[in-house]
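With TSV, C-alpha atoms inside, this is structure-v7.tsv:
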chain	number	residue	atom	x	y	z
A	1	MET	CA	-11.15	-30.52	-3.98
A	2	ASP	CA	-7.82	-31.76	-5.34
A	3	SER	CA	-7.49	-28.69	-7.50
A	4	LEU	CA	-7.03	-26.57	-4.37
A	5	ARG	CA	-3.58	-28.00	-3.71
A	6	PHE	CA	-0.46	-25.92	-3.89
A	7	SER	CA	3.10	-25.63	-2.67
A	8	LEU	CA	4.88	-22.59	-1.29
A	9	GLU	CA	7.93	-21.41	-3.16
A	10	SER	CA	8.81	-18.64	-0.71
A	11	TRP	CA	7.50	-16.24	1.89
A	12	ALA	CA	8.43	-12.71	2.81
A	13	ALA	CA	7.16	-10.42	5.56
A	14	TRP	CA	7.80	-7.02	7.03
A	15	ALA	CA	6.53	-5.25	10.14
A	16	PRO	CA	8.01	-2.29	12.02
A	17	ASP	CA	9.19	-4.59	14.81
A	18	LEU	CA	9.90	-7.67	12.65
A	19	VAL	CA	12.20	-6.66	9.84
A	20	THR	CA	14.31	-9.75	9.08
A	21	PRO	CA	13.34	-13.34	8.16
A	22	ASP	CA	15.03	-14.51	11.38
A	23	ALA	CA	12.87	-12.18	13.43
A	24	TRP	CA	9.76	-13.69	11.82
A	25	GLN	CA	11.00	-17.24	12.48
A	26	ASN	CA	11.44	-16.33	16.16
A	27	TRP	CA	8.00	-14.79	16.20
A	28	ALA	CA	6.48	-17.97	14.75
A	29	ALA	CA	8.32	-20.15	17.26
A	30	GLN	CA	6.75	-18.35	20.23
A	31	PRO	CA	2.97	-18.67	20.25
A	32	ALA	CA	1.10	-15.38	20.67
A	33	SER	CA	4.14	-13.40	21.69
A	34	SER	CA	3.45	-9.74	22.26
A	35	ARG	CA	4.51	-7.33	19.55
A	36	ALA	CA	6.13	-3.94	19.84
A	37	ALA	CA	3.85	-1.13	18.67
A	38	ALA	CA	6.59	0.97	17.11
A	39	GLY	CA	9.76	0.33	15.19
A	40	ALA	CA	11.42	0.86	11.86
A	41	ASP	CA	9.98	2.60	8.79
A	42	PRO	CA	9.94	0.65	5.55
A	43	ALA	CA	12.62	2.21	3.35
A	44	VAL	CA	11.58	0.69	-0.03
A	45	ALA	CA	15.06	1.73	-1.16
A	46	ALA	CA	14.76	-0.12	-4.47
A	47	MET	CA	11.79	1.97	-5.68
A	48	PRO	CA	12.39	5.21	-7.61
A	49	PRO	CA	11.70	8.09	-5.17
A	50	MET	CA	9.31	9.84	-7.59
A	51	LEU	CA	6.98	6.81	-7.40
A	52	ARG	CA	7.70	5.83	-3.80
A	53	ARG	CA	6.53	9.26	-2.56
A	54	ARG	CA	2.95	8.30	-3.50
A	55	ALA	CA	2.80	5.41	-1.05
A	56	GLN	CA	1.74	5.79	2.57
A	57	ARG	CA	3.05	3.73	5.44
A	58	LEU	CA	1.02	0.54	4.94
A	59	GLY	CA	1.62	0.67	1.20
A	60	ARG	CA	5.34	1.01	1.80
A	61	MET	CA	5.30	-2.12	3.93
A	62	ALA	CA	3.59	-3.97	1.07
A	63	LEU	CA	6.11	-2.56	-1.41
A	64	GLU	CA	9.03	-3.56	0.83
A	65	VAL	CA	7.77	-7.16	0.70
A	66	LEU	CA	7.08	-7.12	-3.05
A	67	TYR	CA	10.53	-5.71	-3.78
A	68	SER	CA	12.20	-8.39	-1.65
A	69	GLN	CA	11.41	-10.92	-4.38
A	70	GLN	CA	12.49	-11.13	-8.01
A	71	PRO	CA	10.21	-9.38	-10.49
A	72	ASP	CA	8.00	-11.80	-12.44
A	73	ALA	CA	5.44	-10.44	-14.87
A	74	ALA	CA	3.99	-13.97	-15.29
A	75	ALA	CA	3.05	-14.18	-11.60
A	76	PRO	CA	-0.30	-12.56	-10.80
A	77	ILE	CA	-0.53	-10.55	-7.58
A	78	VAL	CA	-3.43	-11.16	-5.22
A	79	PHE	CA	-3.50	-8.12	-2.94
A	80	ALA	CA	-5.62	-8.96	0.09
A	81	SER	CA	-6.19	-6.43	2.84
A	82	ARG	CA	-9.15	-6.09	5.18
A	83	PHE	CA	-8.99	-2.31	5.56
A	84	GLY	CA	-6.29	-1.15	3.14
A	85	GLU	CA	-4.88	2.32	3.86
A	86	ILE	CA	-7.46	2.95	6.56
A	87	GLY	CA	-5.33	5.59	8.28
A	88	GLN	CA	-5.04	7.53	5.05
A	89	ALA	CA	-8.71	7.02	4.18
A	90	THR	CA	-9.78	8.33	7.58
A	91	ALA	CA	-7.57	11.40	7.20
A	92	LEU	CA	-9.14	12.02	3.77
A	93	LEU	CA	-12.67	11.81	5.19
A	94	ARG	CA	-11.77	14.27	7.93
A	95	GLU	CA	-10.28	16.64	5.38
A	96	LEU	CA	-13.40	16.37	3.23
A	97	ALA	CA	-15.66	17.11	6.20
A	98	HIS	CA	-13.66	20.12	7.32
A	99	SER	CA	-12.47	21.81	4.14
A	100	HIS	CA	-14.48	20.15	1.34
A	101	THR	CA	-11.20	19.76	-0.52
A	102	VAL	CA	-9.24	16.54	-0.52
A	103	SER	CA	-5.70	15.88	-1.62
A	104	PRO	CA	-5.85	14.54	-5.19
A	105	GLN	CA	-2.64	12.59	-4.57
A	106	ALA	CA	-3.99	10.90	-1.45
A	107	PHE	CA	-7.33	10.27	-3.14
A	108	SER	CA	-5.68	8.62	-6.14
A	109	MET	CA	-3.88	6.24	-3.78
A	110	SER	CA	-6.94	5.45	-1.66
A	111	VAL	CA	-8.25	2.88	-4.16
A	112	HIS	CA	-7.75	-0.66	-2.84
A	113	ASN	CA	-5.58	-1.81	-5.76
A	114	ALA	CA	-3.48	1.37	-5.96
A	115	VAL	CA	-0.33	0.13	-4.20
A	116	ALA	CA	-0.13	-3.07	-6.25
A	117	GLY	CA	-0.64	-0.95	-9.37
A	118	LEU	CA	2.09	1.46	-8.31
A	119	TYR	CA	4.42	-1.53	-7.88
A	120	THR	CA	3.74	-2.93	-11.36
A	121	ILE	CA	4.36	0.52	-12.87
A	122	ALA	CA	7.60	1.07	-10.96
A	123	ARG	CA	9.02	-2.35	-11.78
A	124	LYS	CA	7.58	-2.40	-15.31
A	125	GLU	CA	5.87	-5.72	-14.60
A	126	PRO	CA	2.65	-6.11	-16.59
A	127	ALA	CA	1.36	-8.66	-14.06
A	128	SER	CA	-2.33	-9.17	-13.36
A	129	VAL	CA	-3.52	-7.73	-10.05
A	130	MET	CA	-6.55	-8.76	-8.02
A	131	ALA	CA	-7.44	-6.71	-4.96
A	132	LEU	CA	-9.52	-8.33	-2.23
A	133	ALA	CA	-11.13	-7.29	1.03
A	134	ALA	CA	-13.23	-9.91	2.79
A	135	GLY	CA	-13.60	-8.81	6.40
A	136	THR	CA	-12.32	-11.33	8.93
A	137	ARG	CA	-12.21	-13.90	6.12
A	138	THR	CA	-9.63	-11.99	4.09
A	139	ALA	CA	-6.94	-14.63	4.69
A	140	GLN	CA	-9.25	-17.40	3.56
A	141	ALA	CA	-10.46	-15.47	0.51
A	142	GLY	CA	-6.87	-14.68	-0.50
A	143	LEU	CA	-5.81	-18.32	-0.23
A	144	PHE	CA	-8.77	-19.49	-2.30
A	145	GLU	CA	-8.22	-16.83	-4.95
A	146	ALA	CA	-4.52	-17.64	-5.24
A	147	ALA	CA	-5.11	-21.42	-5.34
A	148	MET	CA	-7.79	-20.98	-8.00
A	149	GLN	CA	-5.51	-18.80	-10.12
A	150	LEU	CA	-2.94	-21.62	-9.96
A	151	ALA	CA	-5.61	-24.13	-10.96
A	152	ASP	CA	-6.41	-21.80	-13.85
A	153	GLY	CA	-2.86	-22.08	-15.13
A	154	ALA	CA	-0.76	-19.38	-13.45
A	155	PRO	CA	2.83	-20.63	-13.00
A	156	ARG	CA	3.04	-18.91	-9.59
A	157	VAL	CA	0.88	-16.48	-7.65
A	158	ARG	CA	2.06	-13.77	-5.28
A	159	LEU	CA	-0.42	-13.62	-2.41
A	160	LEU	CA	0.16	-10.38	-0.53
A	161	PHE	CA	-1.55	-9.54	2.75
A	162	CYS	CA	-1.23	-6.28	4.66
A	163	ASP	CA	-3.19	-4.39	7.31
A	164	GLU	CA	-2.67	-1.85	10.04
A	165	PRO	CA	-4.47	-1.05	13.32
A	166	LEU	CA	-7.69	0.93	13.02
A	167	PRO	CA	-7.55	4.69	13.68
A	168	GLU	CA	-9.07	6.07	16.87
A	169	ALA	CA	-12.35	6.94	15.15
A	170	TYR	CA	-13.09	3.25	14.51
A	171	GLN	CA	-12.08	1.90	17.93
A	172	CYS	CA	-15.72	1.89	19.02
A	173	PHE	CA	-16.39	-1.11	16.76
A	174	GLY	CA	-14.17	-3.20	18.99
A	175	GLU	CA	-12.49	-5.00	16.12
A	176	VAL	CA	-9.33	-6.83	17.05
A	177	VAL	CA	-6.70	-5.80	14.56
A	178	GLU	CA	-3.12	-6.99	14.82
A	179	PRO	CA	-0.15	-4.62	14.66
A	180	ALA	CA	0.75	-3.40	11.18
A	181	TYR	CA	2.32	-5.96	8.86
A	182	ALA	CA	2.74	-6.98	5.25
A	183	LEU	CA	3.40	-10.56	4.22
A	184	MET	CA	3.60	-12.41	0.96
A	185	LEU	CA	3.28	-16.09	0.16
A	186	THR	CA	4.41	-17.20	-3.28
A	187	LEU	CA	2.25	-20.14	-4.31
A	188	VAL	CA	3.30	-22.61	-7.01
A	189	PRO	CA	1.65	-25.76	-8.36
A	190	GLY	CA	2.32	-28.67	-6.03
A	191	ALA	CA	0.84	-30.73	-3.25
A	192	ASP	CA	2.38	-29.57	0.03
A	193	TYR	CA	-0.84	-27.84	1.16
A	194	THR	CA	-4.51	-28.15	0.41
A	195	LEU	CA	-7.63	-26.19	1.20
A	196	ALA	CA	-10.09	-28.75	2.50
A	197	TRP	CA	-13.54	-28.79	4.06
A	198	GLN	CA	-13.57	-30.72	7.33
A	199	PRO	CA	-16.93	-30.37	9.08
A	200	GLY	CA	-16.37	-30.52	12.79
A	201	HIS	CA	-12.91	-28.95	12.76
A	202	THR	CA	-14.08	-25.39	13.08
A	203	ALA	CA	-12.06	-22.40	14.19
A	204	SER	CA	-12.88	-20.30	17.25
A	205	HIS	CA	-12.23	-17.26	15.04
A	206	ASN	CA	-11.57	-16.76	11.35
A	207	ALA	CA	-7.86	-17.22	10.70
A	208	SER	CA	-5.92	-14.02	10.00
A	209	PRO	CA	-3.08	-13.77	7.48
A	210	LEU	CA	-0.64	-13.78	10.42
A	211	ASP	CA	-2.22	-17.03	11.66
A	212	VAL	CA	-1.53	-18.48	8.21
A	213	LEU	CA	2.11	-17.36	8.25
A	214	ARG	CA	2.58	-18.74	11.75
A	215	PHE	CA	1.11	-22.08	10.62
A	216	VAL	CA	3.44	-22.18	7.62
A	217	LEU	CA	6.58	-21.22	9.55
A	218	ALA	CA	6.00	-23.15	12.77
A	219	GLY	CA	5.32	-26.42	11.00
A	220	ALA	CA	4.02	-28.05	14.16
A	221	SER	CA	0.39	-28.72	13.33
A	222	ALA	CA	-1.18	-30.57	10.42
A	223	ALA	CA	-4.07	-28.21	9.83
A	224	LEU	CA	-5.12	-24.61	10.41
A	225	PRO	CA	-8.89	-24.17	10.76
A	226	LEU	CA	-9.78	-21.12	8.68
A	227	ASP	CA	-13.38	-20.44	9.66
A	228	ARG	CA	-16.45	-21.62	11.57
A	229	ALA	CA	-17.79	-23.47	8.54
A	230	GLY	CA	-15.07	-26.12	8.58
A	231	TRP	CA	-12.63	-24.94	5.93
A	232	ALA	CA	-9.00	-25.61	6.80
A	233	LEU	CA	-5.54	-25.20	5.38
A	234	GLN	CA	-3.92	-28.62	5.61
A	235	ARG	CA	-0.30	-29.60	5.41
A	236	ILE	CA	0.10	-32.77	3.35
A	237	ALA	CA	2.71	-35.12	4.75
A	238	ALA	CA	5.44	-36.03	2.28
B	1	MET	CA	15.32	37.11	-5.25
B	2	ASP	CA	11.56	37.09	-4.83
B	3	PRO	CA	10.91	35.46	-1.40
B	4	LEU	CA	7.83	33.90	-2.97
B	5	VAL	CA	10.12	31.75	-5.12
B	6	ASN	CA	11.56	29.96	-2.11
B	7	GLU	CA	8.16	29.78	-0.45
B	8	ILE	CA	6.68	28.10	-3.51
B	9	LYS	CA	9.61	25.70	-3.77
B	10	ALA	CA	9.01	24.68	-0.16
B	11	LEU	CA	5.28	24.28	-0.84
B	12	ILE	CA	6.01	22.05	-3.84
B	13	ILE	CA	8.38	19.84	-1.86
B	14	GLU	CA	6.00	19.51	1.06
B	15	SER	CA	2.71	19.07	-0.77
B	16	LEU	CA	4.12	16.60	-3.31
B	17	ASN	CA	6.22	14.56	-0.83
B	18	LEU	CA	9.42	15.13	-2.77
B	19	GLU	CA	11.47	13.35	-0.11
B	20	GLU	CA	14.89	13.64	-1.68
B	21	VAL	CA	14.55	17.11	-3.21
B	22	THR	CA	15.85	20.33	-1.61
B	23	PRO	CA	14.82	23.85	-2.65
B	24	ASP	CA	18.23	24.30	-4.26
B	25	ASP	CA	17.58	21.26	-6.49
B	26	ILE	CA	14.64	23.05	-8.10
B	27	ASP	CA	15.55	25.37	-10.96
B	28	ALA	CA	13.00	28.18	-10.68
B	29	ALA	CA	13.12	28.77	-14.42
B	30	ALA	CA	12.87	25.08	-15.48
B	31	PRO	CA	9.64	23.32	-16.45
B	32	LEU	CA	7.81	21.75	-13.50
B	33	PHE	CA	5.97	19.09	-15.45
B	34	VAL	CA	7.17	16.14	-17.53
B	35	ASP	CA	10.61	17.65	-18.18
B	36	GLY	CA	12.59	19.42	-15.49
B	37	LEU	CA	11.28	18.33	-12.09
B	38	GLY	CA	9.24	15.56	-13.77
B	39	LEU	CA	5.88	16.12	-12.09
B	40	ASP	CA	2.67	14.60	-13.48
B	41	SER	CA	-1.01	15.48	-13.76
B	42	ILE	CA	-1.86	14.33	-10.23
B	43	ASP	CA	0.89	16.63	-8.95
B	44	ALA	CA	-0.64	19.50	-10.90
B	45	LEU	CA	-3.97	18.96	-9.14
B	46	GLU	CA	-2.25	18.57	-5.76
B	47	LEU	CA	-0.25	21.74	-6.23
B	48	GLY	CA	-3.39	23.58	-7.32
B	49	VAL	CA	-5.15	22.59	-4.09
B	50	ALA	CA	-2.10	23.59	-2.01
B	51	LEU	CA	-1.91	27.01	-3.71
B	52	GLN	CA	-5.64	27.56	-3.24
B	53	LYS	CA	-5.37	26.80	0.48
B	54	LYS	CA	-2.26	28.85	1.14
B	55	TYR	CA	-2.84	31.91	-1.04
B	56	GLY	CA	-6.59	31.91	-1.63
B	57	LEU	CA	-6.16	31.64	-5.38
B	58	SER	CA	-8.64	30.20	-7.82
B	59	PHE	CA	-7.87	28.57	-11.15
B	60	VAL	CA	-9.81	27.66	-14.21
B	61	ALA	CA	-8.85	24.01	-14.53
B	62	ASP	CA	-7.21	23.03	-17.79
B	63	SER	CA	-7.21	26.49	-19.36
B	64	GLU	CA	-4.29	27.68	-21.46
B	65	GLN	CA	-3.73	30.51	-18.98
B	66	THR	CA	-3.47	28.08	-16.06
B	67	ARG	CA	-0.91	26.04	-17.98
B	68	LEU	CA	1.22	29.15	-18.36
B	69	HIS	CA	1.01	29.95	-14.63
B	70	PHE	CA	2.18	26.40	-13.81
B	71	ALA	CA	5.06	26.39	-16.30
B	72	SER	CA	7.80	27.04	-13.72
B	73	VAL	CA	8.36	28.21	-10.17
B	74	ASN	CA	9.07	31.71	-11.49
B	75	ALA	CA	5.79	31.78	-13.42
B	76	LEU	CA	3.92	30.60	-10.31
B	77	ALA	CA	5.60	33.25	-8.16
B	78	THR	CA	4.53	35.99	-10.58
B	79	PHE	CA	0.97	34.67	-10.65
B	80	VAL	CA	0.73	34.23	-6.87
B	81	GLY	CA	2.22	37.70	-6.29
B	82	SER	CA	-0.43	39.39	-8.39
B	83	HIS	CA	-3.50	37.25	-7.57
B	84	ARG	CA	-3.15	36.17	-3.95
B	85	THR	CA	-6.01	37.01	-1.59
B	86	ARG	CA	-4.12	36.01	1.56

Take the structure in this file and express it as structure tokens.
Amino acid sequence: MDSLRFSLESWAAWAPDLVTPDAWQNWAAQPASSRAAAGADPAVAAMPPMLRRRAQRLGRMALEVLYSQQPDAAAPIVFASRFGEIGQATALLRELAHSHTVSPQAFSMSVHNAVAGLYTIARKEPASVMALAAGTRTAQAGLFEAAMQLADGAPRVRLLFCDEPLPEAYQCFGEVVEPAYALMLTLVPGADYTLAWQPGHTASHNASPLDVLRFVLAGASAALPLDRAGWALQRIAA
Amino acid sequence: MDPLVNEIKALIIESLNLEEVTPDDIDAAAPLFVDGLGLDSIDALELGVALQKKYGLSFVADSEQTRLHFASVNALATFVGSHRTR
């Protein structure tokens, strides 16, 4: 599995209560610290207002993170989100049930790849976009997709994760969803990390994107178990 | 001035999330789409839904007549004034 090696060129993240890189470093240094539910709104100041107005709150978090890095049309975007704009989608379903008429604007943005597409239009970056949703294995699927795109020749891959808490209507499913966040890992060819299968080293739960970021930033452990099957993200000692 | 003009300007700003636009920024005689305010086809559909809900209007999608009604805020105000059912 040597082809599933990569290095990280940079990371970026944004959440209402964790706005700066320093805030994220502090978060990573304190295991399982509690998070504030509310906080800032993502401004996405760099995006033209006529395009920015299309994006909802989660999308704006993703855009804030994308815009924090230099544009690079040669770097594919892997957009990985378990639920996408679930708040918006739920509002649309309610509207459909009650009035039989949905907002065309909201509907056009309810597609899973819409925010990444909006970004490439706004920044005139003809980059390839892959949109993923893989349940509790979304982090793992995103890492594999990004690593495989590198192995396929991409000079760097922007791996973007974002999700928000489930609306009230879905609470009955008892899913544990972390507070809203967007984070991006920029993967480049290299050998600092590898995705490896280690039977026996299984996770108690499938690793979330925030678990991955914590592992990357904290730097304390050698491996992050990703799932119950034995896949892990390993740090390779220099 | 026709009060409908300001009402329609407010409806446009609200339904299309024009965050940084005020009613005074919208020239009631200027084109709404492509030129002028710079709205696109999704905005046209959105505005159509908003007008239907607020004034009980109905449109024939993509007809030449509908295009004329959507040409400017003034044209919309004239159309709404004569065809509204609520």

Checklist outcome for this item: Of B:Gly81, B:Gly38, B:Pro31, B:Pro3, the one nearest to chain A when counting all atoms listed in the file is B:Gly38

Item to check | Residue list for chain B near chain A as a PyMOL selection string, 9 Å, only C-alpha atoms | outcome: chain B and resi 16-20+38-39+42-43+45-46+49-50

Next on the checklist: So the first atom is atom CA of Leu66 of chain A and the second is atom CA of Ser41 of chain B; what is the distance between them in Å, to one decimal place?
Outcome noted: 26.3 Å

Checklist entry - Distance atom CA of Gln88 of chain A-atom CA of Val115 of chain A, one decimal place? => result 12.7 Å

Next on the checklist: Residues near Asp2 of chain B, anyone? I mean within 12 Å using all atoms listed in the file, not counting same-chain ones fewer than 3 positions away, as number ranges by chain.
Outcome noted: B: 5-9, 28, 73-78, 80-81

Next on the checklist: Using Å and a single decimal, report how far atom CA of Phe83 of chain A sits from atom CA of Pro189 of chain A.
Outcome noted: 29.3 Å

Checklist entry - Leaving out Leu210 of chain A and any residue of its chain fewer than 6 positions from it, which residues lie within 10 Å of it when counting all atoms listed in the file, given as a ChimeraX atom specification? => result /A:13,28,139,161-162,178,181-183,216
